[in-house]
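Colleague: Once you've had a glance at the structure underneath, I'll fire off some questions.
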Amino acid sequence: MESLDRQFSAAAVDDCDAAARAELSFLRDIVRLLPAGVTVQDAQGRVLLMNDAAASQLGVPCAGSSAAPSAALGHRRDVAAEILRSGRPVVAEEVAQLAHGRQVLLTSHRPIRIADRELLLSSSADISEQKAFEDQLFRSAFYDELTDLPTRRVIEHRVGTLLSSGASTERFALAFLDIDNFKHINDYYGHATGDALLVELARRLDRELRESDVLSRISGDEFLLLLHPIQSADEVADFIRSTLRRLTAPFFIDGSEIFASTSIGVSLYPEHGRSYDVLCQNADIAMYRVKSGGKGAAAFFDAAMEREAQERMKIEQSLRQAILEKRFCCAFQAKVDIRTQEILGVEALVRLRGDEGVIQAPGAFVNLAVELGLIDELTHLVLTEIVKSIDLINETFGPNATISINVAARQAGNPGFMRSFAQALEETGFPRRFMIEVTEDAFVTKTLFQDEILPMFRQLGVGISIDDFGVGYSSLSALADITADELKIDRSFITDIHKRPRSQGILRAIESLSAALGMTVIAEGVESFEELAYLQAATKIRYAQGYYFSKPIFLDELQPSAGHVVSDTRAEDFSRPRIAARGGR
């Protein structure tokens, strides 16, 4: 009986041991398969337990393996001994360069005591993808994707730090840089070349900077440069001159030699402002002064520029208000057959009625309207005025006279606007009466203009005129590719043409070229009898426009009567209209 009891007791113990072993195996499998890495180390940093996830994270071939311990595992051992000595838990990020790449772990280390032994329990999670995403967000927020330069907020923060710290006693400079005519480069060579130009220009700008300087790309073709510290304005001026010399050298991109000038405006701390916003604004004002004065140069801010900027702001507000109130009207100037005195067509010229009824010429507001994005609405207002006045236009200039409307180059390269304008011309009911006048720079985008825009107007019967020819981008290859109906020779070639042999030679060349391409030639700016007499005697040009025949006139000031254009030889009185009546084409 006693022997039987011993047998049952042994069997029970065996059953308990088997159950314990099964439970232990079960727990080990769970720990081994946990998605988080788990390790247990002793006071000497030796690994007592490591699951599969930890082995993968630490670069160990397999859990429990002693072969070729990784650098990450060696580091973990050093950390274990230090944390156990301190007795405090630690949560930290660990970065390891493993064979398969860079890995970032978020690890929790906690000292524990089991069976009177000091052990370190560590759990870790791979956050490499999360950190890569965070790095991507950081770079997109603080670095420009194309040039890899810091963004505006970086340079703004840097200046703010200088102003708020003890270093605010040190002088520094902000330089605003803008590439001249960058839109034309994009249009002619393509956006890929434009992007490559920006990258190369950024490299040139960055070439001579100190570690304490910051170069930032703040928009498409605009850069902001912080020079810190500086000793004097002369030091800054020398550096800017050197920069301009580097930027004037041609850029060789994809087999093209591209010349691109840059305009630079500079403000100094503390002379020109004591905050980032003021310094940046004043550098911008100085840059725009350079733009208006010829481009490709640099200027320091001064108080006179601020007054000009304030005056410009007043004009801008006045222009916006005038467009809102539709305080625009049209003056008309005839295009005349210089041999028969009949009227070929008439050009509609926009005028602004000021607050006190004073008429302003377009030179005071058209360029600003283009810059502010208001020119589209202004062009549609001109068309509306023409439609309202069509009966009086017919009575004054004849029902067959073409009606020319000026379209800015920026508009001509905008298919969206040109489609809406073509539709508006069609809705007048007489689209064939119209001629669109665009300057030469519109034809820099010759493929776009020729392939997408011209067909719309050709279908309506609308004519195309090249305005101010000879002073823009005069390219014979571009001209040969454009199907235009009319070419207007700029007045700079016509003024005193009878006294200028070189201009006479250029005029003959343009005349021959236009005749070969089937374009009607208009001589602009004829103001004297001598100029007219030269055109009649020495050229085959048939048509002209200018004060000799008539200033731009307002229709309500004329009384139509039968007859033709007055063509007496007196040129002294340009203030009175010379158009006495309507003419034919």
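Chain labels run A, B, ... following the order of the structure tokens; each chain numbers its residues from 1, and ligands are numbered from 1 in the order shown.
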Do a neighbour search on range 130-133 of chain A at 10 Å with only C-alpha atoms, toss out local chain neighbours closer than 5 positions, and write the hits as a VMD selection string.
Modeller: chain A and resid 103 to 105 138 to 139
Colleague: Could the residues in this selection be saved with all heavy atoms as a PDB file, in the first residue's frame?
Modeller:
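Here's the written file selection30.pdb:
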```pdb
ATOM      1  N   GLN A 103      18.360  52.080 -38.675  1.00  0.00           N
ATOM      2  CA  GLN A 103      17.210  51.683 -37.888  1.00  0.00           C
ATOM      3  C   GLN A 103      17.110  52.566 -36.648  1.00  0.00           C
ATOM      4  O   GLN A 103      18.112  52.903 -36.024  1.00  0.00           O
ATOM      5  CB  GLN A 103      17.356  50.217 -37.457  1.00  0.00           C
ATOM      6  CG  GLN A 103      16.142  49.646 -36.740  1.00  0.00           C
ATOM      7  CD  GLN A 103      16.357  48.192 -36.371  1.00  0.00           C
ATOM      8  OE1 GLN A 103      17.351  47.864 -35.729  1.00  0.00           O
ATOM      9  NE2 GLN A 103      15.449  47.325 -36.773  1.00  0.00           N
ATOM     10  N   VAL A 104      15.869  52.962 -36.338  1.00  0.00           N
ATOM     11  CA  VAL A 104      15.622  53.777 -35.150  1.00  0.00           C
ATOM     12  C   VAL A 104      14.713  52.986 -34.217  1.00  0.00           C
ATOM     13  O   VAL A 104      13.639  52.520 -34.625  1.00  0.00           O
ATOM     14  CB  VAL A 104      14.961  55.122 -35.505  1.00  0.00           C
ATOM     15  CG1 VAL A 104      14.780  55.965 -34.250  1.00  0.00           C
ATOM     16  CG2 VAL A 104      15.793  55.875 -36.534  1.00  0.00           C
ATOM     17  N   LEU A 105      15.157  52.815 -32.955  1.00  0.00           N
ATOM     18  CA  LEU A 105      14.385  52.083 -31.955  1.00  0.00           C
ATOM     19  C   LEU A 105      13.980  53.016 -30.826  1.00  0.00           C
ATOM     20  O   LEU A 105      14.769  53.874 -30.408  1.00  0.00           O
ATOM     21  CB  LEU A 105      15.210  50.925 -31.372  1.00  0.00           C
ATOM     22  CG  LEU A 105      15.720  49.863 -32.349  1.00  0.00           C
ATOM     23  CD1 LEU A 105      16.580  48.848 -31.598  1.00  0.00           C
ATOM     24  CD2 LEU A 105      14.573  49.180 -33.059  1.00  0.00           C
ATOM     25  N   PHE A 138       9.590  67.368 -41.709  1.00  0.00           N
ATOM     26  CA  PHE A 138      10.477  68.451 -41.272  1.00  0.00           C
ATOM     27  C   PHE A 138      11.145  69.108 -42.471  1.00  0.00           C
ATOM     28  O   PHE A 138      11.183  70.346 -42.576  1.00  0.00           O
ATOM     29  CB  PHE A 138      11.533  67.900 -40.312  1.00  0.00           C
ATOM     30  CG  PHE A 138      12.532  68.930 -39.861  1.00  0.00           C
ATOM     31  CD1 PHE A 138      12.244  69.771 -38.802  1.00  0.00           C
ATOM     32  CD2 PHE A 138      13.755  69.054 -40.506  1.00  0.00           C
ATOM     33  CE1 PHE A 138      13.167  70.730 -38.389  1.00  0.00           C
ATOM     34  CE2 PHE A 138      14.677  70.008 -40.105  1.00  0.00           C
ATOM     35  CZ  PHE A 138      14.377  70.851 -39.037  1.00  0.00           C
ATOM     36  N   ARG A 139      11.655  68.293 -43.384  1.00  0.00           N
ATOM     37  CA  ARG A 139      12.348  68.856 -44.541  1.00  0.00           C
ATOM     38  C   ARG A 139      11.378  69.630 -45.439  1.00  0.00           C
ATOM     39  O   ARG A 139      11.729  70.665 -45.989  1.00  0.00           O
ATOM     40  CB  ARG A 139      13.044  67.756 -45.342  1.00  0.00           C
ATOM     41  CG  ARG A 139      14.232  67.143 -44.619  1.00  0.00           C
ATOM     42  CD  ARG A 139      15.231  66.580 -45.609  1.00  0.00           C
ATOM     43  NE  ARG A 139      15.827  67.618 -46.424  1.00  0.00           N
ATOM     44  CZ  ARG A 139      16.843  68.388 -46.042  1.00  0.00           C
ATOM     45  NH1 ARG A 139      17.376  68.242 -44.851  1.00  0.00           N
ATOM     46  NH2 ARG A 139      17.330  69.306 -46.858  1.00  0.00           N
TER      47      ARG A 139
END
```
Colleague: Among the residues of range 131-329 of chain A, find those DSSP assigns to strand (DSSP E or B) from the backbone and print them as a ChimeraX atom specification.
Modeller: /A:143,150,172-179,214-219,222-227,251-253,256-258,262-269,298-300,328-329
Colleague: Would you save the residues of that selection, restricted to C-alpha atoms, as a short mmCIF file (atom, residue, chain, number, x, y, z; two decimals), in the first residue's frame?
Modeller:
```
data_model
loop_
_atom_site.label_atom_id
_atom_site.label_comp_id
_atom_site.auth_asym_id
_atom_site.auth_seq_id
_atom_site.Cartn_x
_atom_site.Cartn_y
_atom_site.Cartn_z
CA TYR A 143 13.82 73.01 -46.69
CA PRO A 150 16.20 76.51 -46.11
CA PHE A 172 23.65 92.10 -40.23
CA ALA A 173 22.20 92.49 -43.71
CA LEU A 174 19.20 91.04 -45.53
CA ALA A 175 19.41 90.82 -49.32
CA PHE A 176 16.34 90.14 -51.47
CA LEU A 177 17.24 88.53 -54.84
CA ASP A 178 14.89 88.08 -57.81
CA ILE A 179 15.72 86.55 -61.20
CA VAL A 214 21.84 81.79 -44.42
CA LEU A 215 20.53 81.55 -47.99
CA SER A 216 16.83 80.79 -48.39
CA ARG A 217 14.55 80.23 -51.36
CA ILE A 218 11.30 81.95 -50.41
CA SER A 219 9.26 81.56 -53.61
CA GLU A 222 13.04 84.76 -55.21
CA PHE A 223 15.82 84.21 -52.68
CA LEU A 224 16.57 85.84 -49.33
CA LEU A 225 20.12 86.06 -47.98
CA LEU A 226 21.17 86.78 -44.39
CA LEU A 227 24.73 88.05 -44.03
CA PHE A 251 24.38 79.03 -67.38
CA PHE A 252 24.91 75.89 -69.49
CA ILE A 253 21.86 73.67 -69.07
CA SER A 256 21.53 75.61 -73.92
CA GLU A 257 23.52 78.70 -73.00
CA ILE A 258 21.21 80.80 -70.81
CA THR A 262 19.34 89.05 -61.03
CA SER A 263 18.10 92.15 -59.22
CA ILE A 264 19.14 92.57 -55.58
CA GLY A 265 17.83 94.84 -52.84
CA VAL A 266 19.64 95.15 -49.49
CA SER A 267 18.60 96.37 -46.04
CA LEU A 268 20.93 96.74 -43.04
CA TYR A 269 20.28 96.20 -39.33
CA ALA A 298 21.80 95.97 -56.67
CA ALA A 299 20.67 98.81 -54.41
CA PHE A 300 20.62 99.57 -50.70
CA PHE A 328 -12.29 103.86 -67.47
CA CYS A 329 -12.93 105.12 -70.94
#
```
Colleague: Which residues are close to Ala92 in chain A, i.e. within 9 Å by only C-alpha atoms, leaving aside same-chain residues fewer than 2 positions away? Reply as a list of chain:residue names.
Modeller: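 Residues near the query, excluding close chain neighbours: A:Val90, A:Glu94, A:Leu105, A:Leu106, A:Thr107, A:Ser108, A:His109.
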Colleague: Could you turn the residues from that selection into a file that holds N, CA, C and O atoms, as a compact mmCIF listing (two decimals), in the first residue's frame?
Modeller:
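After the write, result29.txt holds the following:
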```txt
# COMPACT_ATOMS: atom_id res chain seq x y z
N VAL A 90 14.85 54.10 -17.84
CA VAL A 90 15.22 55.03 -18.92
C VAL A 90 14.41 54.70 -20.16
O VAL A 90 14.24 53.52 -20.50
N GLU A 94 17.27 54.93 -29.93
CA GLU A 94 18.56 54.40 -30.32
C GLU A 94 18.62 54.32 -31.84
O GLU A 94 17.64 53.92 -32.48
N LEU A 105 15.16 52.81 -32.96
CA LEU A 105 14.38 52.08 -31.95
C LEU A 105 13.98 53.02 -30.83
O LEU A 105 14.77 53.87 -30.41
N LEU A 106 12.78 52.83 -30.33
CA LEU A 106 12.34 53.48 -29.11
C LEU A 106 12.36 52.41 -28.03
O LEU A 106 11.59 51.44 -28.08
N THR A 107 13.26 52.55 -27.05
CA THR A 107 13.52 51.48 -26.08
C THR A 107 13.23 51.94 -24.66
O THR A 107 13.58 53.06 -24.27
N SER A 108 12.60 51.04 -23.89
CA SER A 108 12.35 51.27 -22.47
C SER A 108 13.21 50.29 -21.66
O SER A 108 13.11 49.07 -21.85
N HIS A 109 14.05 50.83 -20.78
CA HIS A 109 14.91 50.01 -19.92
C HIS A 109 14.41 50.15 -18.48
O HIS A 109 14.29 51.27 -17.97
```
Colleague: Fewer than 2 positions away in the same chain doesn't count, so skip those; otherwise give me all residues within 12 Å of Ser404 in chain A, counting only C-alpha atoms, as a PyMOL selection string.
Modeller: chain A and resi 330-335+344-350+379+382-383+386+401-402+406-407+425+431-438+462-467+486+488
Colleague: Determine, counting only C-alpha atoms, which protein, DNA and RNA residues have an atom within 6 Å of an atom of range 510-526 of chain A; residues of the same chain fewer than 4 positions away are not included. Present the result as an mmCIF file with C-alpha atoms, in the first residue's frame.
Modeller:
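Dumped to part29.cif:
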```
data_model
loop_
_atom_site.group_PDB
_atom_site.id
_atom_site.type_symbol
_atom_site.label_atom_id
_atom_site.label_comp_id
_atom_site.auth_asym_id
_atom_site.auth_seq_id
_atom_site.Cartn_x
_atom_site.Cartn_y
_atom_site.Cartn_z
ATOM 1 C CA ASP A 485 -1.460 90.059 -89.995
ATOM 2 C CA GLU A 486 0.119 93.345 -89.046
ATOM 3 C CA LEU A 487 3.480 94.611 -87.851
ATOM 4 C CA LYS A 488 3.751 98.003 -86.151
ATOM 5 C CA ILE A 489 7.230 99.523 -86.300
ATOM 6 C CA ASP A 490 8.093 101.195 -83.009
ATOM 7 C CA ARG A 491 8.108 104.987 -83.012
ATOM 8 C CA TYR A 543 0.016 102.927 -93.365
ATOM 9 C CA ALA A 544 0.944 105.072 -90.377
ATOM 10 C CA GLN A 545 -0.336 106.218 -87.029
ATOM 11 C CA GLY A 546 0.641 109.243 -85.002
ATOM 12 C CA TYR A 548 0.517 114.183 -87.330
#
```
Colleague: To one decimal in Å, tell me the separation between CA of Glu377 in chain A and CA of Ala412 in chain A.
Modeller: 14.1 Å
Colleague: One decimal, in Å: what's the spacing between CA of Val60 in chain A and CA of Pro89 in chain A?
Modeller: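 It comes out at 24.5 Å.
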Colleague: Show me, as a list of chain:residue names, the residues that have an atom within 12 Å of Pro250 in chain A when counting only C-alpha atoms, minus same-chain residues fewer than 5 positions from it.
Modeller: A:Leu197, A:Glu200, A:Leu201, A:Arg204, A:Arg245, A:Gly255, A:Ser256, A:Glu257, A:Ile258, A:Phe259, A:Ala260, A:Ser261
Colleague: By how many Å are CA of Ile343 in chain A and CA of Ile375 in chain A apart?
Modeller: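 That distance, rounded to one decimal, is 28.7 Å.
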Colleague: Find the residues around Ala141 in chain A up to 12 Å (only C-alpha atoms counted), leave out those fewer than 2 positions away in its own chain, and share them as a list in words.
Modeller: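 The neighbour list is Glu134, Asp135, Gln136, Leu137, Phe138, Arg139, Tyr143, Asp144, Glu145, Asp148, Leu149, Pro150, Thr151, Arg152, Arg153, Val154 and Ile218 of chain A.
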Colleague: Pick from A:Asp42, A:Asp52, A:Asp234, A:Glu395: nearest to Val79 in chain A, with only C-alpha atoms counted?
Modeller: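 Checking each of A:Asp42, A:Asp52, A:Asp234, A:Glu395 against Val79 in chain A, counting only C-alpha atoms, the winner is A:Asp42.
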Colleague: Hey, what does DSSP flag as alpha helix (DSSP H) within range 511-546 of chain A? Can you give it to me as a list in words?
Modeller: Glu511, Ser512, Leu513, Ser514, Ala515, Ala516, Phe529, Glu530, Glu531, Leu532, Ala533, Tyr534, Leu535, Gln536, Ala537 and Ala538 of chain A
